[in-house]
>>> print(open('data-v6.txt').read())   # compact mmCIF, C-alpha atoms
# COMPACT_ATOMS: atom_id res chain seq x y z
CA SER G 19 179.85 14.78 -159.82
CA ASP G 20 178.74 11.45 -161.28
CA MET G 21 177.54 12.98 -164.53
CA TRP G 22 180.96 14.48 -165.13
CA TRP G 23 182.70 11.25 -164.22
CA ASN G 24 180.59 9.15 -166.58
CA ARG G 25 180.94 11.60 -169.47
CA ASP G 26 184.65 11.64 -168.78
CA LEU G 27 184.77 7.84 -168.92
CA GLU G 28 182.92 7.85 -172.22
CA ARG G 29 185.29 10.44 -173.58
CA ALA G 30 188.34 8.53 -172.34
CA TYR G 31 187.18 5.25 -173.89
CA GLY G 32 185.43 6.69 -176.94
CA SER G 33 182.04 5.10 -176.22
CA ILE G 34 179.92 3.71 -173.40
CA GLU G 35 180.45 0.15 -174.65
CA LYS G 36 184.23 0.55 -174.67
CA ALA G 37 184.14 2.14 -171.22
CA ILE G 38 182.15 -0.83 -169.93
CA THR G 39 184.62 -3.30 -171.47
CA GLY G 40 187.56 -1.38 -170.00
CA LEU G 41 186.12 -1.25 -166.49
CA GLU G 42 185.06 -4.91 -166.59
CA ALA G 43 188.58 -5.91 -167.59
CA GLY G 44 189.98 -3.88 -164.69
CA PHE G 45 187.65 -5.62 -162.22
CA LYS G 46 188.55 -9.08 -163.52
CA LYS G 47 192.20 -8.35 -162.70
CA SER G 48 191.51 -7.22 -159.14
CA PRO G 49 187.87 -7.75 -158.14
CA ASP G 50 188.47 -7.13 -154.45
CA ASN G 51 190.95 -4.27 -154.51
CA GLN G 52 189.23 -1.82 -152.18
CA ARG G 53 190.97 1.14 -153.80
CA TYR G 54 188.77 0.60 -156.88
CA PHE G 55 185.46 0.04 -155.08
CA TYR G 56 184.32 3.57 -155.98
CA VAL G 57 184.27 2.41 -159.63
CA TYR G 58 181.44 -0.11 -159.03
CA PRO G 59 178.68 2.55 -158.96
CA ARG G 60 180.23 4.16 -162.09
CA LEU G 61 180.09 0.88 -164.00
CA LEU G 62 176.52 0.36 -162.82
CA ASN G 63 175.51 3.77 -164.19
CA LEU G 64 177.05 2.88 -167.56
CA TYR G 65 175.12 -0.42 -167.61
CA LEU G 66 171.87 1.45 -166.97
CA LYS G 67 172.59 3.87 -169.81
CA VAL G 68 172.60 0.96 -172.26
CA ASP G 69 169.68 -0.84 -170.56
CA LYS G 70 171.76 -3.68 -169.12
CA GLU G 71 169.57 -4.13 -166.04
CA LYS G 72 170.51 -7.78 -165.54
CA GLU G 73 174.22 -6.95 -165.59
CA SER G 74 173.69 -4.12 -163.13
CA ASP G 75 171.93 -6.41 -160.64
CA THR G 76 174.68 -9.02 -161.01
CA LEU G 77 177.22 -6.27 -160.34
CA ILE G 78 175.44 -5.40 -157.09
CA ASP G 79 175.61 -9.06 -156.00
CA ARG G 80 179.28 -9.19 -156.92
CA PHE G 81 180.00 -6.09 -154.90
CA ARG G 82 178.15 -7.51 -151.89
CA ASN G 83 180.48 -10.50 -152.04
CA VAL G 84 183.70 -8.47 -151.96
CA MET G 85 182.75 -5.51 -149.77
CA SER G 86 183.36 -5.45 -146.05
CA PRO G 87 179.86 -5.48 -144.47
CA THR G 88 180.64 -3.02 -141.67
CA ASN G 89 182.75 -0.60 -143.75
CA ILE G 90 180.88 2.71 -143.97
CA ARG G 91 182.28 3.79 -147.38
CA HIS G 92 181.55 0.39 -148.93
CA ASN G 93 177.95 0.63 -147.76
CA TYR G 94 177.64 4.11 -149.30
CA TYR G 95 178.72 2.63 -152.67
CA LEU G 96 176.22 -0.21 -152.25
CA GLY G 97 173.50 2.31 -151.37
CA GLU G 98 174.32 4.40 -154.42
CA MET G 99 173.92 1.34 -156.66
CA LEU G 100 170.65 0.23 -155.04
CA GLU G 101 169.25 3.75 -155.40
CA ALA G 102 170.22 3.87 -159.10
CA ARG G 103 168.21 0.64 -159.52
CA ASP G 104 165.23 2.11 -157.62
CA ARG G 105 165.72 -0.48 -154.89
CA VAL G 106 165.26 2.27 -152.30
CA ASP G 107 163.75 0.18 -149.46
CA GLU G 108 166.68 -2.19 -149.71
CA MET G 109 169.07 0.75 -149.59
CA PHE G 110 167.51 2.04 -146.36
CA ASP G 111 167.75 -1.47 -144.86
CA VAL G 112 171.47 -1.39 -145.64
CA PHE G 113 171.86 1.95 -143.85
CA ASP G 114 169.79 0.80 -140.84
CA GLU G 115 172.02 -2.21 -140.42
CA LEU G 116 175.11 -0.02 -140.77
CA LEU G 117 173.88 2.16 -137.90
CA GLN G 118 173.55 -0.94 -135.69
CA HIS G 119 177.32 -1.34 -136.03
CA HIS G 120 178.18 2.35 -135.72
CA THR G 121 175.76 3.77 -133.15
CA GLY G 122 175.54 7.56 -133.20
CA ASN G 123 177.82 7.94 -136.23
CA ARG G 124 177.34 11.48 -137.61
CA SER G 125 178.76 10.59 -141.04
CA ILE G 126 175.93 8.07 -141.55
CA TYR G 127 173.30 10.51 -140.23
CA ASN G 128 174.63 13.09 -142.68
CA HIS G 129 174.51 10.62 -145.52
CA LEU G 130 170.91 9.69 -144.63
CA ALA G 131 169.95 13.38 -144.45
CA ARG G 132 171.31 13.99 -147.97
CA THR G 133 169.72 10.82 -149.33
CA HIS G 134 166.26 11.62 -147.91
CA ASP G 135 166.59 15.17 -149.18
CA ARG G 136 167.38 13.94 -152.68
CA LEU G 137 164.37 11.59 -152.58
CA GLY G 138 162.07 14.40 -151.44
CA ASN G 139 161.53 13.08 -147.88
CA LYS G 140 161.93 16.54 -146.36
CA GLU G 141 160.81 15.66 -142.81
CA LEU G 142 163.19 12.72 -142.51
CA ALA G 143 165.93 14.82 -144.08
CA SER G 144 165.63 17.47 -141.39
CA GLU G 145 165.35 14.81 -138.66
CA TYR G 146 168.69 13.32 -139.73
CA THR G 147 170.26 16.75 -140.19
CA GLU G 148 169.48 17.37 -136.50
CA LYS G 149 170.97 14.01 -135.51
CA ALA G 150 174.08 14.75 -137.57
CA ARG G 151 174.94 17.85 -135.55
CA PRO G 152 178.19 17.31 -133.64
CA VAL G 153 178.21 17.45 -129.85
CA ALA G 154 179.54 20.81 -128.65
CA VAL G 155 182.62 20.88 -126.44
CA THR G 156 183.25 24.05 -124.45
CA GLU G 157 186.32 25.02 -122.45
CA GLY G 158 185.57 24.94 -118.74
CA GLU G 159 182.68 22.51 -119.14
CA ILE G 160 182.41 18.75 -118.74
CA VAL G 161 183.15 17.02 -122.07
CA PRO G 162 180.09 15.07 -123.25
CA ASP G 163 181.16 11.43 -123.26
CA PHE G 164 181.21 8.69 -125.86
CA VAL G 165 181.58 4.93 -125.70
CA GLY G 166 184.09 3.55 -128.19
CA LYS G 167 186.12 0.36 -128.44
CA ASP G 168 189.87 -0.01 -128.16
CA LEU G 169 192.06 -2.30 -130.27
CA GLU G 170 191.21 -5.27 -128.05
CA GLY G 171 187.48 -4.57 -128.43
CA LYS G 172 187.14 -3.28 -124.84
CA PRO G 173 184.69 -0.39 -124.28
CA VAL G 174 186.37 2.95 -123.57
CA SER G 175 185.05 6.33 -122.50
CA ILE G 176 186.37 9.56 -121.04
CA ALA G 177 184.68 8.70 -117.72
CA ASP G 178 187.20 5.85 -117.27
CA TYR G 179 189.85 8.53 -116.71
CA ARG G 180 188.02 10.68 -114.15
CA GLY G 181 190.41 11.83 -111.44
CA LYS G 182 193.32 11.89 -113.90
CA VAL G 183 194.52 14.62 -116.22
CA LEU G 184 193.78 13.29 -119.72
CA LEU G 185 195.11 14.13 -123.15
CA VAL G 186 192.66 13.06 -125.86
CA ASP G 187 194.62 12.80 -129.08
CA PHE G 188 192.73 12.56 -132.39
CA TRP G 189 195.37 11.32 -134.82
CA ALA G 190 196.34 8.76 -137.49
CA VAL G 191 199.49 7.06 -138.70
CA TRP G 192 198.89 8.47 -142.20
CA CYS G 193 198.86 12.03 -140.84
CA GLY G 194 202.35 13.56 -141.07
CA PRO G 195 201.77 16.36 -138.52
CA CYS G 196 200.32 13.79 -136.05
CA VAL G 197 203.40 11.61 -136.31
CA ALA G 198 205.59 14.71 -135.97
CA GLU G 199 203.92 15.48 -132.60
CA MET G 200 204.55 11.97 -131.28
CA PRO G 201 208.10 12.38 -129.84
CA ASN G 202 206.90 15.37 -127.77
CA VAL G 203 203.74 13.53 -126.68
CA LYS G 204 205.82 10.53 -125.58
CA ARG G 205 208.26 12.73 -123.69
CA VAL G 206 205.44 14.48 -121.83
CA TYR G 207 203.79 11.11 -121.11
CA ASN G 208 206.98 9.62 -119.69
CA THR G 209 207.58 12.73 -117.56
CA TYR G 210 204.11 12.93 -115.97
CA LYS G 211 202.53 9.46 -116.19
CA ASP G 212 203.36 8.73 -112.54
CA GLN G 213 201.76 11.98 -111.40
CA GLY G 214 198.25 11.18 -112.62
CA PHE G 215 198.55 11.96 -116.33
CA GLU G 216 197.03 9.65 -118.98
CA ILE G 217 196.59 9.69 -122.75
CA LEU G 218 193.74 8.33 -124.84
CA GLY G 219 194.43 8.07 -128.57
CA ILE G 220 191.51 8.25 -130.99
CA SER G 221 192.75 6.82 -134.25
CA LEU G 222 191.36 7.83 -137.64
CA ASP G 223 193.27 5.02 -139.31
CA SER G 224 191.55 2.59 -141.66
CA ASP G 225 194.08 -0.20 -141.42
CA GLU G 226 194.49 -1.98 -138.09
CA LYS G 227 197.81 -3.62 -138.93
CA THR G 228 199.41 -0.30 -139.89
CA LEU G 229 198.25 1.17 -136.58
CA ARG G 230 199.40 -1.80 -134.47
CA ASP G 231 202.81 -1.88 -136.20
CA TYR G 232 203.32 1.82 -135.58
CA LEU G 233 202.36 1.57 -131.89
CA LYS G 234 204.68 -1.38 -131.39
CA LYS G 235 207.63 0.10 -133.25
CA ASN G 236 207.31 3.41 -131.40
CA GLU G 237 206.54 1.82 -128.01
CA ILE G 238 203.28 3.69 -127.50
CA PRO G 239 201.55 2.08 -124.51
CA TRP G 240 198.38 4.14 -124.06
CA GLN G 241 194.89 3.06 -125.06
CA GLN G 242 193.65 3.67 -128.62
CA VAL G 243 190.03 3.98 -129.74
CA PHE G 244 189.80 2.48 -133.23
CA ASP G 245 186.97 1.45 -135.54
CA GLY G 246 188.82 1.40 -138.85
CA GLN G 247 186.58 3.89 -140.66
CA GLY G 248 189.11 6.64 -141.40
CA TRP G 249 187.40 10.04 -141.66
CA ASP G 250 184.04 8.32 -141.08
CA SER G 251 185.12 6.98 -137.67
CA THR G 252 182.34 7.27 -135.10
CA VAL G 253 184.01 9.05 -132.16
CA PRO G 254 185.59 11.85 -134.25
CA SER G 255 182.24 12.22 -136.05
CA ILE G 256 180.43 12.73 -132.74
CA TYR G 257 182.59 15.79 -132.01
CA GLY G 258 182.75 17.00 -135.63
CA ILE G 259 186.54 16.63 -135.83
CA ARG G 260 187.53 18.13 -139.19
CA GLY G 261 191.31 18.13 -138.96
CA ILE G 262 194.03 16.20 -137.16
CA PRO G 263 196.00 16.25 -134.98
CA THR G 264 193.41 17.62 -132.57
CA MET G 265 194.61 17.47 -128.98
CA TRP G 266 192.38 18.11 -125.97
CA VAL G 267 193.43 18.32 -122.34
CA ILE G 268 190.74 17.35 -119.83
CA GLY G 269 191.13 18.05 -116.11
CA LYS G 270 190.69 15.61 -113.23
CA ASP G 271 187.07 16.76 -112.90
CA GLY G 272 186.28 15.91 -116.55
CA LYS G 273 186.18 19.55 -117.64
CA LEU G 274 187.81 20.64 -120.87
CA LEU G 275 190.90 22.79 -120.34
CA THR G 276 191.96 23.30 -123.95
CA THR G 277 191.41 21.93 -127.46
CA LYS G 278 194.76 23.32 -128.60
CA ALA G 279 197.43 21.29 -126.83
CA ARG G 280 199.89 20.86 -129.68
CA GLY G 281 203.63 21.51 -129.43
CA GLU G 282 204.89 23.28 -126.33
CA ARG G 283 201.35 24.09 -125.21
CA LEU G 284 200.92 20.45 -124.26
CA GLU G 285 203.36 20.35 -121.36
CA LYS G 286 202.19 23.76 -120.07
CA ALA G 287 198.57 22.58 -120.03
CA ILE G 288 199.48 19.30 -118.31
CA VAL G 289 201.56 20.99 -115.60
CA LYS G 290 198.77 23.47 -114.89
CA ALA G 291 196.12 20.73 -114.80
CA LEU G 292 198.16 18.52 -112.47
CA GLU G 293 198.52 21.42 -110.01
CA ASP G 294 194.74 21.72 -109.71
CA GLU G 295 193.33 20.14 -106.57
CA PRO G 296 192.13 16.58 -107.12
CA ILE G 297 188.41 16.09 -106.73
CA GLU G 298 187.35 14.43 -103.50
>>> encode(input="data-v6.txt", output="structure tokens")
Amino acid sequence: SDMWWNRDLERAYGSIEKAITGLEAGFKKSPDNQRYFYVYPRLLNLYLKVDKEKESDTLIDRFRNVMSPTNIRHNYYLGEMLEARDRVDEMFDVFDELLQHHTGNRSIYNHLARTHDRLGNKELASEYTEKARPVAVTEGEIVPDFVGKDLEGKPVSIADYRGKVLLVDFWAVWCGPCVAEMPNVKRVYNTYKDQGFEILGISLDSDEKTLRDYLKKNEIPWQQVFDGQGWDSTVPSIYGIRGIPTMWVIGKDGKLLTTKARGERLEKAIVKALEDEPIE
């Protein structure tokens, strides 16, 4: 928790003042290194401990200048700092704007639920807890749809693939087991793509270049849903995806056949689904 972290910082540096000096020096070297953004709220808390309100407000402005405005994590750090300064209305404005960019994102709903709960707004907390519930997917039933965007910014949904057998692959380049599945996925794709089989990748990557490079190098032609938010990505959040790879096979009629299509199960599921009568 934050308390522990701040005490730990004090212990590491010997005093609050020294901790502040150390962190400030680190920021001067690399003010916009996103890997260190989580330190901004820590430094702010140290400022507030020694009544440096002016410095803490300047820090918030500095962070606003380097953060990426639509990045969910960055906005959580900003919110944390605004809340520590009792600028609560401003914090909620930040989250409202974030939701405009990431409609239906369960990670943000969850975050709002916890924030309202902490501030004693029990009704709003339970409202957002409801909204944060993932959509249920059930074998044998139509998969509730989403609208995401692919790498070119085109809208994508499961409905686009009606009449085809579809593999929905929740994955990321940084995920070893996902990458290990890829040769088999490609083989199955190449074998059945002319028989009405399609794949839709749903990427939990944060870095677009890494994803594009991987797709190019490995000659992966199918569509990818991508919003660059890692574990906070909207489409996985809608279905409550907690681990990857998660591989679903959806029949021509849009009904879920299996959520466990890894390894040799993939080809078996595809063959079976392709044998089913097409819908008229």
>>> closest_residue(input="data-v6.txt", among="G:Gly219, G:Gly44, G:Gly258, G:Pro152", to="G:Val191", atoms="all atoms listed in the file")
G:Gly219
>>> closest_atom_pairs(input="data-v6.txt", of="stretch 166-201 of chain G", to="stretch 207-215 of chain G", cutoff="10 Å", atoms="all atoms listed in the file", output="JSON lines")
{"residue": "G:Tyr179", "atom": "CA", "partner": "G:Phe215", "partner_atom": "CA", "distance": 9.4}
{"residue": "G:Gly181", "atom": "CA", "partner": "G:Gly214", "partner_atom": "CA", "distance": 8.0}
{"residue": "G:Lys182", "atom": "CA", "partner": "G:Gly214", "partner_atom": "CA", "distance": 5.1}
{"residue": "G:Val183", "atom": "CA", "partner": "G:Phe215", "partner_atom": "CA", "distance": 4.8}
{"residue": "G:Leu184", "atom": "CA", "partner": "G:Phe215", "partner_atom": "CA", "distance": 6.0}
{"residue": "G:Leu185", "atom": "CA", "partner": "G:Phe215", "partner_atom": "CA", "distance": 7.9}
{"residue": "G:Pro201", "atom": "CA", "partner": "G:Tyr207", "partner_atom": "CA", "distance": 9.8}
>>> residues_around(input="data-v6.txt", residues="G:Glu71", least_positions_apart="2", cutoff="12 Å", atoms="all atoms listed in the file", output="list in words")
Leu61, Leu62, Asn63, Leu64, Tyr65, Leu66, Lys67, Val68, Asp69, Glu73, Ser74, Asp75, Thr76, Leu77, Ile78, Met99, Leu100, Ala102, Arg103 and Asp104 of chain G
>>> closest_residue(input="data-v6.txt", among="G:Ile38, G:Met85, G:Met265, G:Leu222", to="G:Gln247", atoms="all atoms listed in the file")
G:Leu222
>>> closest_residue(input="data-v6.txt", among="G:Gly246, G:Pro239, G:Gly194, G:Pro263", to="G:Gly166", atoms="all atoms listed in the file")
G:Gly246
>>> closest_atom_pairs(input="data-v6.txt", of="stretch 163-193 of chain G", to="stretch 249-257 of chain G", cutoff="12 Å", atoms="all atoms listed in the file", output="JSON lines")
{"residue": "G:Asp163", "atom": "CA", "partner": "G:Ile256", "partner_atom": "CA", "distance": 9.6}
{"residue": "G:Phe164", "atom": "CA", "partner": "G:Val253", "partner_atom": "CA", "distance": 6.9}
{"residue": "G:Val165", "atom": "CA", "partner": "G:Val253", "partner_atom": "CA", "distance": 8.0}
{"residue": "G:Gly166", "atom": "CA", "partner": "G:Val253", "partner_atom": "CA", "distance": 6.8}
{"residue": "G:Lys167", "atom": "CA", "partner": "G:Val253", "partner_atom": "CA", "distance": 9.7}
{"residue": "G:Asp168", "atom": "CA", "partner": "G:Val253", "partner_atom": "CA", "distance": 11.5}
{"residue": "G:Val174", "atom": "CA", "partner": "G:Val253", "partner_atom": "CA", "distance": 10.8}
{"residue": "G:Ser175", "atom": "CA", "partner": "G:Val253", "partner_atom": "CA", "distance": 10.1}
{"residue": "G:Ile176", "atom": "CA", "partner": "G:Val253", "partner_atom": "CA", "distance": 11.4}
{"residue": "G:Val186", "atom": "CA", "partner": "G:Pro254", "partner_atom": "CA", "distance": 11.0}
{"residue": "G:Asp187", "atom": "CA", "partner": "G:Pro254", "partner_atom": "CA", "distance": 10.4}
{"residue": "G:Phe188", "atom": "CA", "partner": "G:Pro254", "partner_atom": "CA", "distance": 7.4}
{"residue": "G:Trp189", "atom": "CA", "partner": "G:Pro254", "partner_atom": "CA", "distance": 9.8}
{"residue": "G:Ala190", "atom": "CA", "partner": "G:Trp249", "partner_atom": "CA", "distance": 9.9}
{"residue": "G:Trp192", "atom": "CA", "partner": "G:Trp249", "partner_atom": "CA", "distance": 11.6}
{"residue": "G:Cys193", "atom": "CA", "partner": "G:Trp249", "partner_atom": "CA", "distance": 11.7}
>>> closest_residue(input="data-v6.txt", among="G:Ser86, G:Glu101, G:Thr156, G:Gln241", to="G:Lys172", atoms="all atoms listed in the file")
G:Gln241
>>> closest_residue(input="data-v6.txt", among="G:Trp266, G:Tyr95, G:Phe110, G:Tyr31", to="G:Phe55", atoms="all atoms listed in the file")
G:Tyr95
>>> atom_distance(input="data-v6.txt", atom1="atom CA of G:Val84", atom2="atom CA of G:Asp50")
5.5 Å
>>> atom_distance(input="data-v6.txt", atom1="atom CA of G:Lys273", atom2="atom CA of G:Pro162")
9.4 Å
>>> atom_distance(input="data-v6.txt", atom1="atom CA of G:Asn128", atom2="atom CA of G:Ala150")
5.4 Å
>>> closest_residue(input="data-v6.txt", among="G:Asn89, G:Asn123, G:Thr277, G:Gln242", to="G:Ser224", atoms="all atoms listed in the file")
G:Asn89
>>> closest_atom_pairs(input="data-v6.txt", of="stretch 198-226 of chain G", to="stretch 232-237 of chain G", cutoff="10 Å", atoms="all atoms listed in the file", output="CSV")
residue,atom,partner,partner_atom,distance
G:Met200,CA,G:Asn236,CA,9.0
G:Pro201,CA,G:Asn236,CA,9.1
G:Lys204,CA,G:Glu237,CA,9.1
G:Glu226,CA,G:Tyr232,CA,9.9
>>> build_atoms(input="data-v6.txt", residues="stretch 36-71 of chain G", atoms="N, CA and C atoms", output="PDB file, keeping the file's coordinate frame")
ATOM      1  N   LYS G  36     182.787   0.739-174.907  1.00  0.00           N
ATOM      2  CA  LYS G  36     184.230   0.550-174.670  1.00  0.00           C
ATOM      3  C   LYS G  36     184.575   0.845-173.206  1.00  0.00           C
ATOM      4  N   ALA G  37     183.903   1.824-172.629  1.00  0.00           N
ATOM      5  CA  ALA G  37     184.140   2.140-171.220  1.00  0.00           C
ATOM      6  C   ALA G  37     183.759   0.945-170.347  1.00  0.00           C
ATOM      7  N   ILE G  38     182.605   0.346-170.677  1.00  0.00           N
ATOM      8  CA  ILE G  38     182.150  -0.830-169.930  1.00  0.00           C
ATOM      9  C   ILE G  38     183.181  -1.956-170.032  1.00  0.00           C
ATOM     10  N   THR G  39     183.629  -2.237-171.258  1.00  0.00           N
ATOM     11  CA  THR G  39     184.620  -3.300-171.470  1.00  0.00           C
ATOM     12  C   THR G  39     185.890  -3.018-170.678  1.00  0.00           C
ATOM     13  N   GLY G  40     186.339  -1.761-170.711  1.00  0.00           N
ATOM     14  CA  GLY G  40     187.560  -1.380-170.000  1.00  0.00           C
ATOM     15  C   GLY G  40     187.432  -1.576-168.494  1.00  0.00           C
ATOM     16  N   LEU G  41     186.307  -1.126-167.944  1.00  0.00           N
ATOM     17  CA  LEU G  41     186.120  -1.250-166.490  1.00  0.00           C
ATOM     18  C   LEU G  41     185.968  -2.719-166.092  1.00  0.00           C
ATOM     19  N   GLU G  42     185.232  -3.487-166.900  1.00  0.00           N
ATOM     20  CA  GLU G  42     185.060  -4.910-166.590  1.00  0.00           C
ATOM     21  C   GLU G  42     186.404  -5.628-166.563  1.00  0.00           C
ATOM     22  N   ALA G  43     187.256  -5.281-167.523  1.00  0.00           N
ATOM     23  CA  ALA G  43     188.580  -5.910-167.590  1.00  0.00           C
ATOM     24  C   ALA G  43     189.378  -5.564-166.329  1.00  0.00           C
ATOM     25  N   GLY G  44     189.287  -4.305-165.907  1.00  0.00           N
ATOM     26  CA  GLY G  44     189.980  -3.880-164.690  1.00  0.00           C
ATOM     27  C   GLY G  44     189.513  -4.656-163.472  1.00  0.00           C
ATOM     28  N   PHE G  45     188.190  -4.880-163.363  1.00  0.00           N
ATOM     29  CA  PHE G  45     187.650  -5.620-162.220  1.00  0.00           C
ATOM     30  C   PHE G  45     188.087  -7.085-162.236  1.00  0.00           C
ATOM     31  N   LYS G  46     188.145  -7.661-163.438  1.00  0.00           N
ATOM     32  CA  LYS G  46     188.550  -9.080-163.520  1.00  0.00           C
ATOM     33  C   LYS G  46     189.942  -9.253-162.919  1.00  0.00           C
ATOM     34  N   LYS G  47     190.822  -8.271-163.216  1.00  0.00           N
ATOM     35  CA  LYS G  47     192.200  -8.350-162.700  1.00  0.00           C
ATOM     36  C   LYS G  47     192.239  -8.292-161.183  1.00  0.00           C
ATOM     37  N   SER G  48     191.457  -7.367-160.610  1.00  0.00           N
ATOM     38  CA  SER G  48     191.510  -7.220-159.140  1.00  0.00           C
ATOM     39  C   SER G  48     190.120  -6.918-158.597  1.00  0.00           C
ATOM     40  N   PRO G  49     189.266  -7.960-158.526  1.00  0.00           N
ATOM     41  CA  PRO G  49     187.870  -7.750-158.140  1.00  0.00           C
ATOM     42  C   PRO G  49     187.715  -7.241-156.707  1.00  0.00           C
ATOM     43  N   ASP G  50     188.686  -7.544-155.836  1.00  0.00           N
ATOM     44  CA  ASP G  50     188.470  -7.130-154.450  1.00  0.00           C
ATOM     45  C   ASP G  50     189.493  -6.107-153.967  1.00  0.00           C
ATOM     46  N   ASN G  51     190.057  -5.358-154.916  1.00  0.00           N
ATOM     47  CA  ASN G  51     190.950  -4.270-154.510  1.00  0.00           C
ATOM     48  C   ASN G  51     190.093  -3.081-154.053  1.00  0.00           C
ATOM     49  N   GLN G  52     190.136  -2.819-152.752  1.00  0.00           N
ATOM     50  CA  GLN G  52     189.230  -1.820-152.180  1.00  0.00           C
ATOM     51  C   GLN G  52     189.476  -0.418-152.741  1.00  0.00           C
ATOM     52  N   ARG G  53     190.675  -0.188-153.257  1.00  0.00           N
ATOM     53  CA  ARG G  53     190.970   1.140-153.800  1.00  0.00           C
ATOM     54  C   ARG G  53     190.091   1.441-155.022  1.00  0.00           C
ATOM     55  N   TYR G  54     189.577   0.389-155.668  1.00  0.00           N
ATOM     56  CA  TYR G  54     188.770   0.600-156.880  1.00  0.00           C
ATOM     57  C   TYR G  54     187.272   0.446-156.622  1.00  0.00           C
ATOM     58  N   PHE G  55     186.883   0.279-155.357  1.00  0.00           N
ATOM     59  CA  PHE G  55     185.460   0.040-155.080  1.00  0.00           C
ATOM     60  C   PHE G  55     184.585   1.204-155.559  1.00  0.00           C
ATOM     61  N   TYR G  56     185.134   2.421-155.566  1.00  0.00           N
ATOM     62  CA  TYR G  56     184.320   3.570-155.980  1.00  0.00           C
ATOM     63  C   TYR G  56     183.913   3.459-157.454  1.00  0.00           C
ATOM     64  N   VAL G  57     184.585   2.564-158.196  1.00  0.00           N
ATOM     65  CA  VAL G  57     184.270   2.410-159.630  1.00  0.00           C
ATOM     66  C   VAL G  57     183.003   1.577-159.844  1.00  0.00           C
ATOM     67  N   TYR G  58     182.645   0.730-158.881  1.00  0.00           N
ATOM     68  CA  TYR G  58     181.440  -0.110-159.030  1.00  0.00           C
ATOM     69  C   TYR G  58     180.198   0.703-159.381  1.00  0.00           C
ATOM     70  N   PRO G  59     179.871   1.771-158.605  1.00  0.00           N
ATOM     71  CA  PRO G  59     178.680   2.550-158.960  1.00  0.00           C
ATOM     72  C   PRO G  59     178.801   3.197-160.355  1.00  0.00           C
ATOM     73  N   ARG G  60     180.042   3.541-160.768  1.00  0.00           N
ATOM     74  CA  ARG G  60     180.230   4.160-162.090  1.00  0.00           C
ATOM     75  C   ARG G  60     179.878   3.150-163.183  1.00  0.00           C
ATOM     76  N   LEU G  61     180.374   1.923-163.010  1.00  0.00           N
ATOM     77  CA  LEU G  61     180.090   0.880-164.000  1.00  0.00           C
ATOM     78  C   LEU G  61     178.585   0.607-164.041  1.00  0.00           C
ATOM     79  N   LEU G  62     177.959   0.580-162.875  1.00  0.00           N
ATOM     80  CA  LEU G  62     176.520   0.360-162.820  1.00  0.00           C
ATOM     81  C   LEU G  62     175.766   1.429-163.617  1.00  0.00           C
ATOM     82  N   ASN G  63     176.174   2.687-163.454  1.00  0.00           N
ATOM     83  CA  ASN G  63     175.510   3.770-164.190  1.00  0.00           C
ATOM     84  C   ASN G  63     175.659   3.593-165.702  1.00  0.00           C
ATOM     85  N   LEU G  64     176.834   3.124-166.120  1.00  0.00           N
ATOM     86  CA  LEU G  64     177.050   2.880-167.560  1.00  0.00           C
ATOM     87  C   LEU G  64     176.141   1.749-168.044  1.00  0.00           C
ATOM     88  N   TYR G  65     176.034   0.683-167.250  1.00  0.00           N
ATOM     89  CA  TYR G  65     175.120  -0.420-167.610  1.00  0.00           C
ATOM     90  C   TYR G  65     173.701   0.108-167.815  1.00  0.00           C
ATOM     91  N   LEU G  66     173.256   0.970-166.901  1.00  0.00           N
ATOM     92  CA  LEU G  66     171.870   1.450-166.970  1.00  0.00           C
ATOM     93  C   LEU G  66     171.651   2.332-168.191  1.00  0.00           C
ATOM     94  N   LYS G  67     172.724   3.023-168.622  1.00  0.00           N
ATOM     95  CA  LYS G  67     172.590   3.870-169.810  1.00  0.00           C
ATOM     96  C   LYS G  67     172.317   3.046-171.063  1.00  0.00           C
ATOM     97  N   VAL G  68     172.812   1.815-171.069  1.00  0.00           N
ATOM     98  CA  VAL G  68     172.600   0.960-172.260  1.00  0.00           C
ATOM     99  C   VAL G  68     171.632  -0.185-171.931  1.00  0.00           C
ATOM    100  N   ASP G  69     170.756   0.082-170.924  1.00  0.00           N
ATOM    101  CA  ASP G  69     169.680  -0.840-170.560  1.00  0.00           C
ATOM    102  C   ASP G  69     170.139  -2.249-170.190  1.00  0.00           C
ATOM    103  N   LYS G  70     171.301  -2.349-169.562  1.00  0.00           N
ATOM    104  CA  LYS G  70     171.760  -3.680-169.120  1.00  0.00           C
ATOM    105  C   LYS G  70     171.365  -3.865-167.652  1.00  0.00           C
ATOM    106  N   GLU G  71     170.058  -4.032-167.422  1.00  0.00           N
ATOM    107  CA  GLU G  71     169.570  -4.130-166.040  1.00  0.00           C
ATOM    108  C   GLU G  71     170.098  -5.391-165.361  1.00  0.00           C
TER     109      GLU G  71
END
